[in-house]
Every structure is written in structure tokens, then in C-alpha cells.
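Structure record follows, encoded as C-alpha cells.
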Amino acid sequence: MSFRIIVMAKQVPDTRNVGKDAMKADGTVNRAILPAIYNPEDLNALEFALKIKDHLPDAEIILLTMGPSRAAEIIREALYRGADKGILLTDRRFAGSDTLATSYALAMAIKKLQPFDLVIAGRQAIDGDTAQVGPQTAEKLGLPQITYAENLESVTLDEITIRRRLERGVETVKCPLPVLITVNSSAQECRPRKAKRVMQFKHARTVTELQEETRDYTELFDQRPYLTIEEWSVDDVEAMAEKLGLSGSPTKVKKIENVVFKAKETKIISDSDTDIDEMMRDLIDSHVLG
Ligand SMILES: Cc1cc2nc3c(=O)[nH]c(=O)nc-3n(C[C@H](O)[C@H](O)[C@H](O)COP(=O)(O)OP(=O)(O)OC[C@H]3O[C@@H](n4cnc5c(N)ncnc54)[C@H](O)[C@@H]3O)c2cc1C
């Protein structure tokens with residue numbers, strides 16, 4: 001049996017620590033000054049894949065990320081938590097890609113990984129915040145998509161049943177495979193790293209990272225080929241360079257504004273009956289309620 005799950009994950013600047021230098025003059029995020037983390041909903045997506053592997057133990061989980069060399073960090077993190085291998089899509093020509101170009105690059109890489117049964121992404125990345133990449137990738141691959149996935153109800157080799165979390169309730173859907181799923185933050189949290197896997201994969205490196213190492217890993221990597229994290233370029237995925245980077249990105253950032261909430265726009269409400277009554281009256285008067 002072969003059952004292949006591709007998990008799309010992004011290393012993102014930790015936007016919880018945004019300061020005044022967070023944006024560059026050209027409207028792009030100044031990634032150099034913000035700590036880089038595993039996009040939170042992509043950890044929910046990884047857990048979704050691991051749960052499927054609990055049901056289908058022979059399933060193979062491949063972590064796919066597009067980013068600079070240091071994005072290999074999230075591949076190692078995924079390996080520690082249970083992914084089988086990772087691929088870093090990296091090339092200067094990917095830089096500056098908007099969602100259209102990003103989903104094109106990812107779709108081309110996923111095509112190279114055919115045959116696959118499932119593609120699983122997070123719903124949204126905390127930096128770009130568009131939630132477009134998953135659905136756009138599905139479109140480009142001609143796959144059905146299940147968005148806002150919250151829980152895996154059942155899975156077989158041919159079919160998956162998923163509960164979706166919607167604004168006003170839940171919906172259970174069944175879909176034949178292959179399908180692309182985007183996972184919500186309300187889904188189960190990702191299981192922690194396993195100590196044994198940390199020992200197994202702590203030296204996993206891309207070729208670029210190996211070149212920067214002071215220690216010679218040649219013998220170790222010859223003995224343990226699973227430690228090599230593959231790097232794919234634009235040419236490796238047979239993508240058209242003009243559809244990537246700034247030239248392939250129709251999105252243009254026209255203006256960036258800092259929104260600063262002033263104290264007078266906030267109101268502190270205690271849990272006393274008087275305060276709650278007053279808040280309810282305000283909400284009814286302003287037609288938010290009623
Ligand atoms: C003009 C311009 C220039 C930009 N330049 C850059 C740049 O140089 N570098 C940069 O990183 N961003 C850049 N961006 C931001 C870029 O558009 C988005 O970060 C990227 O396309 C993903 O969109 P998103 O963050 O809204 O992801 P969403 O659509 O919110 O992401 C949904 C899900 O898709 C998957 N996903 C998204 N991105 C990736 C990825 N890279 N690899 C694997 N899975 C992924 C994840 O599972 C994620 O949870 C630029 C944007 C613009 C408009």
C-alpha cells in the first residue's frame with residue numbers, strides 16, 4: 001500500500017512581536033528583524049496528517065515548504081513530531097511571490113510528488129493572512145477542497161470524512177481522494193516532539209546548510225541518507241520563472257498604515273451586573289443587538 005500525504009507549511013515572522021520596523025519601504029515584511037516560527041495553523045495541519053497516519057500506519061507524510069534556507073528549521077520540527085521527510089522549495093526567483101505565485105510554485109512541486117492522496121495546509125498564515133494559498137493550490141491542481149477542517153471523522157484509502165467548523169455551526173463532509181484540506185486553529189493541537197525522533201533527525205540538513213557547517217558530515221550522511229533534506233529549485237519543479245517572484249505577482253502593496261488604538265476608544269467593563277446591563281443597553285442602542 002502506498003498512501004502519500006503532503007503537508008504544506010510556512011515559516012512565518014512572529015507577528016505577535018511586530019514593531020515599527022516590521023515593514024520595508026516596498027511594502028514587504030521585514031523578515032530579518034522578526035523571529036521566525038512555524039505558522040501556528042500549519043501545526044494543526046501536521047497533526048491532522050499524523051492522525052491520518054495513526055489510522056493508516058503505512059502512510060508517508062511529506063512536509064513541503066517554500067522559503068529561504070532557514071525555513072529548513074520547520075522541516076526539522078515536523079520530522080521531530082512525526083513527518084517522514086521534508087522538501088524545501090528554495091530559489092532566489094521565488095522571492096517576492098504573492099499568493100498567486102506561491103500557489104503556482106507549490107502546485108508545481110506537488111505535481112512532482114505525484115501520485116499523492118492528500119494535500120493538507122493550514123487555513124491561514126499569520127503574516128500574509130489571506131487564506132488564499134490552500135484554495136489556489138487546489139484550483140491549480142484540479143483537486144476538490146475541504147476548507148475549515150476541524151476534525152477527522154474517518155479515512156480509508158479512497159475516501160475521507162471531515163467535520164468543518166463554519167461561522168454558525170459545523171458541517172460533516174465526505175470526499176473521494178485525492179483532495180486538498182485546509183485546517184483551522186480549532187482543530188487538535190499538534191502532538192509534541194518525540195525525544196527519539198529528535199535524536200534521529202537532529203543533524204538533518206539541506207545541502208546549503210551542510211556547506212555552512214564547520215564539521216564534516218560526509219560519512220554520517222552517507223550512512224544515513226534520510227538526514228538529507230531535499231532542496232528544489234525553480235528548474236527542479238519545471239516552473240516558469242516569469243510566473244514567480246515579483247514579476248509573477250499581480251498584488252501590489254500601495255500603502256501601509258499603522259493603526260494605533262487610543263485609550264478613549266476602549267472601555268473596561270467589569271463583571272458586575274450594573275456594568276453588564278449598561279453594556280447591553282449600549283449594544284441595543286447602537287443596533288449591534290436586537
Ligand atoms: C508584493 C509582495 C511581495 C511579497 N514578498 C514576499 C517574500 O519575499 N517572501 C515571503 O515569504 N512572502 C512574501 N509576500 C507574502 C506572500 O504573498 C504570502 O506570504 C504568501 O503568498 C502566502 O500567502 P499568505 O501568507 O496569505 O498565506 P495563506 O494563504 O494565509 O496560507 C494558507 C496556507 O497555505 C500554506 N502556505 C502558504 N505559504 C506557504 C509557503 N511559502 N510554503 C508552504 N506552504 C505555504 C500554509 O499551509 C498556510 O497555512 C509578498 C507579498 C506581496 C504582495
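To be explicit about the labels: the chains of the C-alpha cells are called A, B, and onward in the order shown, and within each one the residues are counted from 1, while ligands get numbers from 1 in the order they are shown.
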- Give the strand (DSSP E) residues of segment 46-253 of chain A, as DSSP finds them on the backbone, and put them as number ranges by chain. A: 60-66, 85-89, 118-122, 145-155, 159-166, 169-176, 179-183, 205-206, 228-232
- Item | Within-7 Å residues of ligand 1, basis only C-alpha atoms and all ligand atoms, as a PyMOL selection string | chain A and resi 8-10+27-28+39+41-42+64-67+95-102+106+121-134+246+249+251-253
Those same residues, written as a short mmCIF file (atom, residue, chain, number, x, y, z; two decimals), in the first residue's frame with N, CA, C and O atoms?
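Final file, out32.cif:
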data_model
loop_
_atom_site.label_atom_id
_atom_site.label_comp_id
_atom_site.auth_asym_id
_atom_site.auth_seq_id
_atom_site.Cartn_x
_atom_site.Cartn_y
_atom_site.Cartn_z
N MET A 8 1.56 21.19 3.56
CA MET A 8 2.16 22.48 3.20
C MET A 8 2.31 23.31 4.47
O MET A 8 1.34 23.49 5.21
N ALA A 9 3.51 23.80 4.72
CA ALA A 9 3.72 24.60 5.93
C ALA A 9 4.64 25.76 5.61
O ALA A 9 5.50 25.67 4.74
N LYS A 10 4.44 26.83 6.34
CA LYS A 10 5.21 28.05 6.07
C LYS A 10 5.91 28.53 7.33
O LYS A 10 5.31 28.53 8.41
N GLY A 27 6.86 47.75 0.94
CA GLY A 27 5.60 47.15 1.37
C GLY A 27 5.71 45.69 1.74
O GLY A 27 4.72 45.04 2.06
N THR A 28 6.92 45.12 1.68
CA THR A 28 7.06 43.72 2.08
C THR A 28 7.48 43.66 3.55
O THR A 28 7.98 44.62 4.11
N ASN A 39 4.26 28.42 11.21
CA ASN A 39 2.93 29.03 11.19
C ASN A 39 1.95 28.19 12.04
O ASN A 39 1.81 26.98 11.82
N GLU A 41 -1.30 27.50 12.38
CA GLU A 41 -2.30 26.56 11.83
C GLU A 41 -1.66 25.44 11.01
O GLU A 41 -2.29 24.41 10.77
N ASP A 42 -0.40 25.63 10.60
CA ASP A 42 0.27 24.56 9.87
C ASP A 42 0.66 23.42 10.82
O ASP A 42 0.85 22.28 10.40
N LEU A 64 6.16 20.03 2.90
CA LEU A 64 6.62 20.88 1.79
C LEU A 64 6.56 22.33 2.21
O LEU A 64 5.51 22.82 2.65
N THR A 65 7.68 23.02 2.09
CA THR A 65 7.66 24.44 2.41
C THR A 65 8.43 25.22 1.37
O THR A 65 9.43 24.75 0.84
N MET A 66 7.97 26.42 1.07
CA MET A 66 8.69 27.30 0.17
C MET A 66 9.22 28.46 1.00
O MET A 66 8.45 29.09 1.73
N GLY A 67 10.50 28.72 0.90
CA GLY A 67 11.06 29.80 1.70
C GLY A 67 12.57 29.84 1.57
O GLY A 67 13.16 29.08 0.80
N ALA A 95 11.51 34.57 -4.55
CA ALA A 95 11.40 35.69 -3.60
C ALA A 95 10.43 36.76 -4.11
O ALA A 95 10.40 37.08 -5.29
N GLY A 96 9.62 37.29 -3.21
CA GLY A 96 8.68 38.36 -3.56
C GLY A 96 7.37 37.83 -4.13
O GLY A 96 6.53 38.61 -4.58
N SER A 97 7.17 36.51 -4.09
CA SER A 97 5.94 35.93 -4.65
C SER A 97 4.71 36.28 -3.80
O SER A 97 4.76 36.21 -2.58
N ASP A 98 3.62 36.66 -4.46
CA ASP A 98 2.35 36.85 -3.74
C ASP A 98 1.62 35.49 -3.71
O ASP A 98 2.21 34.46 -4.04
N THR A 99 0.36 35.49 -3.34
CA THR A 99 -0.31 34.19 -3.16
C THR A 99 -0.45 33.44 -4.50
O THR A 99 -0.38 32.21 -4.52
N LEU A 100 -0.66 34.20 -5.58
CA LEU A 100 -0.83 33.56 -6.89
C LEU A 100 0.45 32.81 -7.29
O LEU A 100 0.42 31.65 -7.70
N ALA A 101 1.58 33.52 -7.13
CA ALA A 101 2.86 32.92 -7.50
C ALA A 101 3.24 31.80 -6.51
O ALA A 101 3.79 30.76 -6.91
N THR A 102 2.94 32.02 -5.22
CA THR A 102 3.26 30.99 -4.21
C THR A 102 2.50 29.70 -4.50
O THR A 102 3.06 28.60 -4.49
N LEU A 106 4.00 26.01 -5.37
CA LEU A 106 3.67 24.84 -4.55
C LEU A 106 2.97 23.77 -5.39
O LEU A 106 3.25 22.58 -5.26
N ALA A 121 -3.09 21.73 4.24
CA ALA A 121 -2.47 23.03 4.53
C ALA A 121 -3.12 23.61 5.77
O ALA A 121 -4.18 23.16 6.20
N GLY A 122 -2.50 24.63 6.32
CA GLY A 122 -3.17 25.41 7.35
C GLY A 122 -4.21 26.28 6.66
O GLY A 122 -4.15 26.49 5.46
N ARG A 123 -5.17 26.78 7.42
CA ARG A 123 -6.16 27.67 6.82
C ARG A 123 -5.49 28.97 6.37
O ARG A 123 -5.71 29.45 5.28
N GLN A 124 -4.64 29.51 7.23
CA GLN A 124 -4.14 30.85 7.00
C GLN A 124 -2.75 31.02 7.63
O GLN A 124 -2.47 30.46 8.68
N ALA A 125 -1.92 31.82 6.97
CA ALA A 125 -0.61 32.13 7.55
C ALA A 125 -0.73 33.45 8.31
O ALA A 125 -1.44 34.36 7.87
N ILE A 126 0.00 33.57 9.44
CA ILE A 126 -0.23 34.74 10.29
C ILE A 126 0.46 36.00 9.75
O ILE A 126 0.27 37.08 10.28
N ASP A 127 1.27 35.87 8.68
CA ASP A 127 1.88 37.09 8.15
C ASP A 127 1.08 37.63 6.95
O ASP A 127 0.55 38.73 6.99
N GLY A 128 0.94 36.83 5.90
CA GLY A 128 0.16 37.28 4.73
C GLY A 128 -1.32 37.35 5.06
O GLY A 128 -2.03 38.23 4.60
N ASP A 129 -1.79 36.37 5.87
CA ASP A 129 -3.15 36.43 6.42
C ASP A 129 -4.26 36.35 5.38
O ASP A 129 -5.38 36.79 5.65
N THR A 130 -3.99 35.80 4.21
CA THR A 130 -5.03 35.84 3.18
C THR A 130 -5.90 34.59 3.15
O THR A 130 -7.02 34.64 2.67
N ALA A 131 -5.36 33.44 3.58
CA ALA A 131 -6.05 32.15 3.47
C ALA A 131 -6.34 31.78 2.01
O ALA A 131 -7.29 31.09 1.71
N GLN A 132 -5.51 32.30 1.10
CA GLN A 132 -5.74 32.03 -0.32
C GLN A 132 -4.89 30.87 -0.86
O GLN A 132 -5.26 30.23 -1.84
N VAL A 133 -3.75 30.63 -0.24
CA VAL A 133 -2.79 29.70 -0.85
C VAL A 133 -3.34 28.27 -0.95
O VAL A 133 -3.17 27.62 -1.99
N GLY A 134 -4.01 27.80 0.10
CA GLY A 134 -4.57 26.44 0.03
C GLY A 134 -5.56 26.31 -1.13
O GLY A 134 -5.35 25.50 -2.05
N LEU A 246 8.34 38.69 -7.96
CA LEU A 246 7.58 39.94 -8.16
C LEU A 246 6.95 40.00 -9.55
O LEU A 246 5.83 40.50 -9.71
N SER A 249 3.62 38.29 -9.67
CA SER A 249 2.74 38.65 -8.55
C SER A 249 1.93 39.92 -8.84
O SER A 249 2.46 41.02 -8.72
N THR A 251 -0.33 41.24 -7.08
CA THR A 251 -0.65 42.02 -5.87
C THR A 251 0.39 43.12 -5.67
O THR A 251 1.58 42.85 -5.68
N LYS A 252 -0.07 44.33 -5.52
CA LYS A 252 0.85 45.44 -5.24
C LYS A 252 0.42 46.10 -3.95
O LYS A 252 -0.76 46.43 -3.78
N VAL A 253 1.36 46.27 -3.02
CA VAL A 253 1.04 46.95 -1.76
C VAL A 253 1.16 48.46 -2.02
O VAL A 253 2.24 48.95 -2.31
#
- Item | Nearest-residue call for Ile5 of chain A, choices A:Asp21, A:Ala32, A:Ile181, A:Asp222, using only C-alpha atoms | A:Ile181
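Remark: for Leu89 of chain A, the closest of the candidate residues A:Pro68, A:Ser103, A:Ile52, A:Arg197 is A:Pro68 (distances computed over only C-alpha atoms).
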- Query: Among segment 20-90 of chain A, which ones does DSSP place in helix (DSSP H, G or I), written as a ChimeraX atom specification?
  - Reply: /A:31-33,40-55,69-81
Keeping only C-alpha atoms, write those residues as a tab-separated table (two decimals), in the first residue's frame.
chain	number	residue	atom	x	y	z
A	31	ARG	CA	11.56	39.22	7.89
A	32	ALA	CA	15.13	39.81	9.04
A	33	ILE	CA	14.11	41.55	12.28
A	40	PRO	CA	0.51	28.01	14.00
A	41	GLU	CA	-2.30	26.56	11.83
A	42	ASP	CA	0.27	24.56	9.87
A	43	LEU	CA	0.98	22.69	13.10
A	44	ASN	CA	-2.74	21.86	13.26
A	45	ALA	CA	-2.39	20.66	9.64
A	46	LEU	CA	0.56	18.46	10.59
A	47	GLU	CA	-1.44	16.95	13.46
A	48	PHE	CA	-4.28	16.23	11.02
A	49	ALA	CA	-1.83	14.30	8.84
A	50	LEU	CA	-0.36	12.45	11.83
A	51	LYS	CA	-3.84	11.44	12.92
A	52	ILE	CA	-4.48	10.01	9.46
A	53	LYS	CA	-1.20	8.11	9.76
A	54	ASP	CA	-2.45	6.73	13.11
A	55	HIS	CA	-5.32	5.16	11.09
A	69	SER	CA	17.34	28.42	3.54
A	70	ARG	CA	16.39	28.88	7.20
A	71	ALA	CA	12.88	27.51	6.51
A	72	ALA	CA	14.55	24.08	6.84
A	73	GLU	CA	14.03	24.68	10.59
A	74	ILE	CA	10.33	23.89	10.26
A	75	ILE	CA	11.10	20.75	8.29
A	76	ARG	CA	13.26	19.51	11.19
A	77	GLU	CA	10.45	20.46	13.59
A	78	ALA	CA	7.99	18.38	11.53
A	79	LEU	CA	10.43	15.44	11.44
A	80	TYR	CA	10.72	15.59	15.25
A	81	ARG	CA	6.93	15.40	15.52
- Item | Which of A:Phe116, A:Leu88, A:His203, A:Arg165 sits closest to Asp216 of chain A [using only C-alpha atoms] | A:His203
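What separates atom CA of Arg191 of chain A from atom CA of Pro115 of chain A is a distance of 27.1 Å.
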- Task: Compile the contact shell of Ala241 of chain A as a VMD selection string: residues with an atom at most 10 Å away, counting only C-alpha atoms, same-chain residues fewer than 5 positions apart removed.
- Result: chain A and resid 93 to 94 101 105 234 to 235 247 to 248
For the selection just defined, write its residues with N, CA and C atoms to a file, as a PDB file, in the first residue's frame.
ATOM      1  N   ARG A  93      14.551  33.104  -7.264  1.00  0.00           N
ATOM      2  CA  ARG A  93      13.467  33.502  -8.180  1.00  0.00           C
ATOM      3  C   ARG A  93      12.077  33.335  -7.562  1.00  0.00           C
ATOM      4  N   PHE A  94      11.975  32.660  -6.415  1.00  0.00           N
ATOM      5  CA  PHE A  94      10.678  32.570  -5.719  1.00  0.00           C
ATOM      6  C   PHE A  94      10.433  33.830  -4.879  1.00  0.00           C
ATOM      7  N   ALA A 101       1.582  33.517  -7.131  1.00  0.00           N
ATOM      8  CA  ALA A 101       2.864  32.919  -7.495  1.00  0.00           C
ATOM      9  C   ALA A 101       3.244  31.803  -6.507  1.00  0.00           C
ATOM     10  N   ALA A 105       3.952  27.895  -7.466  1.00  0.00           N
ATOM     11  CA  ALA A 105       5.193  27.180  -7.138  1.00  0.00           C
ATOM     12  C   ALA A 105       4.887  25.897  -6.364  1.00  0.00           C
ATOM     13  N   VAL A 234      13.511  26.332  -8.937  1.00  0.00           N
ATOM     14  CA  VAL A 234      12.503  26.589  -9.976  1.00  0.00           C
ATOM     15  C   VAL A 234      12.630  25.544 -11.086  1.00  0.00           C
ATOM     16  N   ASP A 235      13.862  25.255 -11.482  1.00  0.00           N
ATOM     17  CA  ASP A 235      14.079  24.291 -12.566  1.00  0.00           C
ATOM     18  C   ASP A 235      13.679  22.871 -12.143  1.00  0.00           C
ATOM     19  N   SER A 247       7.638  39.440 -10.584  1.00  0.00           N
ATOM     20  CA  SER A 247       7.080  39.527 -11.948  1.00  0.00           C
ATOM     21  C   SER A 247       5.809  38.686 -12.082  1.00  0.00           C
ATOM     22  N   GLY A 248       5.691  37.641 -11.286  1.00  0.00           N
ATOM     23  CA  GLY A 248       4.500  36.786 -11.370  1.00  0.00           C
ATOM     24  C   GLY A 248       3.447  37.136 -10.331  1.00  0.00           C
TER      25      GLY A 248
END
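Note that atom CA of Ile110 of chain A and atom CA of Glu212 of chain A are 28.3 Å apart.
Coordinates place atom CA of Gly169 of chain A at a distance of 27.8 Å from atom CA of Asp285 of chain A.
When only C-alpha atoms are used to measure the gap to Val183 of chain A, the shortest distance among A:Thr161, A:Thr208, A:Thr156, A:Thr147 belongs to A:Thr147.
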